[in-house]
file work39.cif (mmCIF, C-alpha atoms and all ligand atoms)
data_entry
#
loop_
_atom_site.label_atom_id
_atom_site.label_comp_id
_atom_site.auth_asym_id
_atom_site.auth_seq_id
_atom_site.Cartn_x
_atom_site.Cartn_y
_atom_site.Cartn_z
CA MET I 1 88.22 78.16 128.17
CA PRO I 2 85.62 78.81 130.94
CA ILE I 3 84.28 75.88 132.94
CA LEU I 4 80.86 75.78 134.58
CA VAL I 5 81.16 75.16 138.31
CA ARG I 6 78.20 74.57 140.62
CA PHE I 7 78.30 74.85 144.37
CA GLU I 8 76.35 76.20 147.32
CA VAL I 9 77.17 79.59 148.82
CA ASN I 10 75.49 80.70 152.02
CA GLY I 11 72.63 78.26 151.42
CA ARG I 12 72.09 79.29 147.80
CA GLN I 13 72.96 77.14 144.79
CA VAL I 14 75.13 78.97 142.27
CA ALA I 15 76.43 78.11 138.82
CA VAL I 16 79.34 80.20 137.55
CA ASP I 17 81.46 80.13 134.41
CA VAL I 18 85.06 80.43 135.55
CA GLU I 19 88.51 80.28 134.04
CA PRO I 20 90.29 77.17 135.42
CA ARG I 21 92.92 79.38 137.07
CA LEU I 22 90.40 81.57 138.96
CA THR I 23 90.74 81.30 142.73
CA LEU I 24 87.70 80.73 144.91
CA ALA I 25 88.43 84.09 146.57
CA ASP I 26 88.23 85.97 143.28
CA CYS I 27 85.17 83.98 142.22
CA LEU I 28 83.38 84.91 145.46
CA ARG I 29 84.37 88.56 145.24
CA HIS I 30 84.15 89.29 141.54
CA SER I 31 81.68 86.77 140.13
CA LEU I 32 79.33 86.51 143.10
CA ARG I 33 79.91 89.99 144.60
CA LEU I 34 80.52 88.57 148.08
CA THR I 35 83.15 91.15 148.95
CA GLY I 36 83.19 90.35 152.66
CA THR I 37 85.89 87.81 151.84
CA HIS I 38 89.05 89.92 151.81
CA VAL I 39 92.21 89.28 149.85
CA GLY I 40 95.52 90.33 151.39
CA CYS I 41 98.61 88.31 150.58
CA GLU I 42 97.12 85.98 147.93
CA HIS I 43 99.49 83.19 148.93
CA GLY I 44 98.04 81.64 152.05
CA VAL I 45 99.85 83.63 154.70
CA CYS I 46 97.48 86.28 156.09
CA GLY I 47 94.19 84.37 156.52
CA ALA I 48 92.04 87.35 155.41
CA CYS I 49 90.38 85.24 152.70
CA THR I 50 89.30 82.39 155.00
CA VAL I 51 85.88 80.90 154.25
CA LEU I 52 84.17 77.70 155.34
CA VAL I 53 84.15 74.84 152.84
CA ASP I 54 82.08 71.88 154.02
CA GLY I 55 82.57 73.19 157.56
CA ASP I 56 86.34 73.56 157.45
CA ALA I 57 88.21 76.87 157.49
CA VAL I 58 89.87 77.17 154.08
CA ARG I 59 92.02 79.87 152.47
CA ALA I 60 90.03 80.89 149.45
CA CYS I 61 93.14 82.31 147.75
CA LEU I 62 94.72 78.84 147.74
CA MET I 63 91.70 77.04 146.31
CA LEU I 64 90.54 77.18 142.73
CA ALA I 65 86.89 77.93 142.12
CA VAL I 66 86.60 74.71 140.08
CA GLN I 67 87.61 72.75 143.20
CA ALA I 68 84.45 74.00 144.91
CA GLU I 69 82.24 71.89 142.63
CA GLY I 70 79.50 70.36 144.80
CA ALA I 71 80.79 71.94 148.02
CA LYS I 72 78.98 73.98 150.64
CA VAL I 73 80.74 77.31 151.01
CA VAL I 74 79.92 79.79 153.76
CA THR I 75 81.38 83.29 153.72
CA ILE I 76 81.24 85.98 156.38
CA GLU I 77 77.96 87.15 154.81
CA GLY I 78 76.40 83.74 155.46
CA LEU I 79 77.17 83.30 159.15
CA SER I 80 74.18 85.34 160.29
CA HIS I 81 70.77 84.29 159.07
CA ASP I 82 68.93 87.42 160.12
CA ASP I 83 69.67 91.06 160.85
CA HIS I 84 71.34 90.25 164.17
CA LEU I 85 75.01 89.72 164.87
CA THR I 86 76.03 86.18 165.71
CA PRO I 87 77.32 85.65 169.27
CA LEU I 88 80.87 85.60 167.89
CA GLN I 89 80.36 88.84 165.97
CA ALA I 90 78.75 90.43 169.05
CA ALA I 91 81.75 89.35 171.14
CA PHE I 92 84.11 91.02 168.66
CA ARG I 93 82.14 94.25 169.05
CA LYS I 94 82.00 93.96 172.84
CA HIS I 95 85.76 93.41 173.16
CA HIS I 96 86.75 95.99 170.53
CA ALA I 97 88.39 93.16 168.61
CA LEU I 98 88.64 95.10 165.37
CA GLN I 99 89.75 98.45 164.09
CA CYS I 100 90.06 98.66 160.30
CA GLY I 101 88.23 95.34 159.95
CA PHE I 102 90.35 94.02 157.09
CA CYS I 103 91.34 90.84 158.91
CA THR I 104 87.99 90.43 160.68
CA PRO I 105 86.08 88.22 158.20
CA GLY I 106 88.95 85.73 158.22
CA MET I 107 89.30 85.90 161.99
CA ILE I 108 85.60 85.24 162.46
CA THR I 109 85.31 82.40 159.94
CA THR I 110 88.42 80.75 161.40
CA ALA I 111 87.16 81.16 164.97
CA HIS I 112 83.70 79.94 163.99
CA ALA I 113 85.16 76.72 162.59
CA LEU I 114 87.23 76.25 165.75
CA LEU I 115 84.35 76.89 168.15
CA SER I 116 81.99 74.66 166.15
CA ASP I 117 84.45 71.76 166.50
CA GLU I 118 85.93 72.60 169.90
CA PRO I 119 83.53 74.74 171.95
CA ASN I 120 85.57 74.09 175.11
CA CYS I 121 88.91 75.17 173.64
CA ASP I 122 91.24 77.11 175.92
CA ALA I 123 93.18 80.32 175.29
CA ALA I 124 96.27 78.43 174.14
CA ARG I 125 94.25 76.58 171.50
CA VAL I 126 92.59 79.79 170.30
CA ARG I 127 96.02 81.41 169.99
CA GLU I 128 97.37 78.41 168.10
CA VAL I 129 94.50 78.35 165.60
CA LEU I 130 94.39 82.11 165.07
CA SER I 131 98.17 82.30 164.72
CA GLY I 132 97.63 81.85 160.99
CA ASN I 133 95.50 84.99 160.77
CA LEU I 134 97.39 88.26 160.70
CA CYS I 135 96.04 91.49 162.14
CA ARG I 136 98.05 94.65 161.61
CA CYS I 137 96.14 97.14 163.72
CA THR I 138 94.03 95.76 166.58
CA GLY I 139 96.40 93.55 168.53
CA TYR I 140 95.57 89.99 169.35
CA ILE I 141 94.53 90.23 173.01
CA PRO I 142 90.98 91.56 172.38
CA ILE I 143 90.53 89.10 169.52
CA ILE I 144 91.43 86.15 171.75
CA GLU I 145 89.16 87.51 174.51
CA ALA I 146 86.26 87.81 172.08
CA VAL I 147 86.65 84.23 170.87
CA LEU I 148 86.88 82.92 174.44
CA ASP I 149 83.78 84.93 175.38
CA ALA I 150 81.81 83.45 172.46
CA ARG I 151 82.49 79.86 173.59
CA ALA I 152 79.40 79.83 175.81
CA ALA I 153 77.07 80.24 172.81
CA TYR I 154 78.70 77.28 171.01
CA GLN I 155 78.63 75.16 174.19
CA LYS I 156 74.88 75.83 174.49
CA LYS I 157 74.40 74.83 170.87
CA ASP I 158 76.25 71.57 171.60
CA GLU I 159 73.87 70.88 174.51
CA ARG I 160 70.85 71.52 172.29
CA ASP I 161 72.19 69.17 169.59
CA ALA I 162 72.98 66.38 172.13
S1 LIG J 1 94.74 86.39 150.93
FE1 LIG J 1 94.50 84.29 151.33
S2 LIG J 1 95.81 83.89 152.99
FE2 LIG J 1 96.18 85.97 152.52
S1 LIG J 2 91.51 95.02 162.42
FE1 LIG J 2 92.87 95.98 161.02
S2 LIG J 2 94.09 94.33 160.31
FE2 LIG J 2 92.94 93.48 161.90
#
call {"tool": "encode", "arguments": {"input": "work39.cif", "output": "structure tokens", "more": "lines below"}}
Ligand code: FES
Ligand code: FES
result
Amino acid sequence: MPILVRFEVNGRQVAVDVEPRLTLADCLRHSLRLTGTHVGCEHGVCGACTVLVDGDAVRACLMLAVQAEGAKVVTIEGLSHDDHLTPLQAAFRKHHALQCGFCTPGMITTAHALLSDEPNCDAARVREVLSGNLCRCTGYIPIIEAVLDARAAYQKKDERDA
């Protein structure tokens, strides 16, 4: 029997009737048409489905939609608030950190959570955190370089918030 779940997605309040077994990933993609969240392995291994839930990087294939009740969810579509790329997205373009783009939403949401918490992280830390996100075609070196390059924008934000 469907259950009504209410949460915030990309700054917008939503109310969706979902089956209790529906994952957050499928809810975002099929009920809310936010298809930027990709689904690869569906069992928590590839990281393609990563979204932000209350600021933390979360695998949307491992979370039920009903568990999102009252949460603030941000998907790849919600990271930019205007027509411009975010500094992290721009760094991915600059460093050619994507080819097919399948893994990219998960890479960017994961890296965004890392840089928001640790804007001074080093290459080893970036590698450690992104080791849970699989990319089958680009190679990890440009991805790591892009994330390291984007640190400056997050460090500036930290200074502004201080
Ligand atoms: S689809 Fe969620 S981790 Fe692979
Ligand atoms: S860009 Fe193709 S899987 Fe990563």
call {"tool": "residues_around", "arguments": {"input": "work39.cif", "residues": "Pro142 in chain I", "least_positions_apart": "4", "cutoff": "7 Å", "atoms": "only C-alpha atoms", "output": "list of chain:residue names"}}
result
I:His95, I:His96, I:Ala97, I:Ala146
call {"tool": "residues_around", "arguments": {"input": "work39.cif", "residues": "Ala152 in chain I", "least_positions_apart": "3", "cutoff": "10 Å", "atoms": "only C-alpha atoms", "output": "VMD selection string"}}
result
chain I and resid 87 to 88 115 119 to 120 147 to 149 155 to 158
call {"tool": "residues_near_ligand", "arguments": {"input": "work39.cif", "ligand": "ligand LIG 1 (chain J)", "cutoff": "7 Å", "atoms": "all atoms listed in the file", "output": "ChimeraX atom specification"}}
result
/I:38-50,59-62
call {"tool": "closest_atom_pairs", "arguments": {"input": "work39.cif", "of": "range 79-103 of chain I", "to": "range 28-36 of chain I", "cutoff": "12 Å", "atoms": "only C-alpha atoms", "output": "Markdown table"}}
result
| residue | atom | partner | partner_atom | distance |
| --- | --- | --- | --- | --- |
| I:Leu79 | CA | I:Gly36 | CA | 11.3 |
| I:Gly101 | CA | I:Gly36 | CA | 10.2 |
| I:Phe102 | CA | I:Gly36 | CA | 9.2 |
| I:Cys103 | CA | I:Gly36 | CA | 10.3 |
call {"tool": "write_last_selection", "arguments": {"input": "work39.cif", "atoms": "C-alpha atoms", "output": "CSV table (one decimal), in the coordinates of the input"}}
result
chain,number,residue,atom,x,y,z
I,79,LEU,CA,77.2,83.3,159.2
I,101,GLY,CA,88.2,95.3,160.0
I,102,PHE,CA,90.4,94.0,157.1
I,103,CYS,CA,91.3,90.8,158.9
call {"tool": "closest_residue", "arguments": {"input": "work39.cif", "among": "I:Val51, I:Ala150, I:Met63, I:Ala57", "to": "Leu22 in chain I", "atoms": "all atoms listed in the file"}}
result
I:Met63
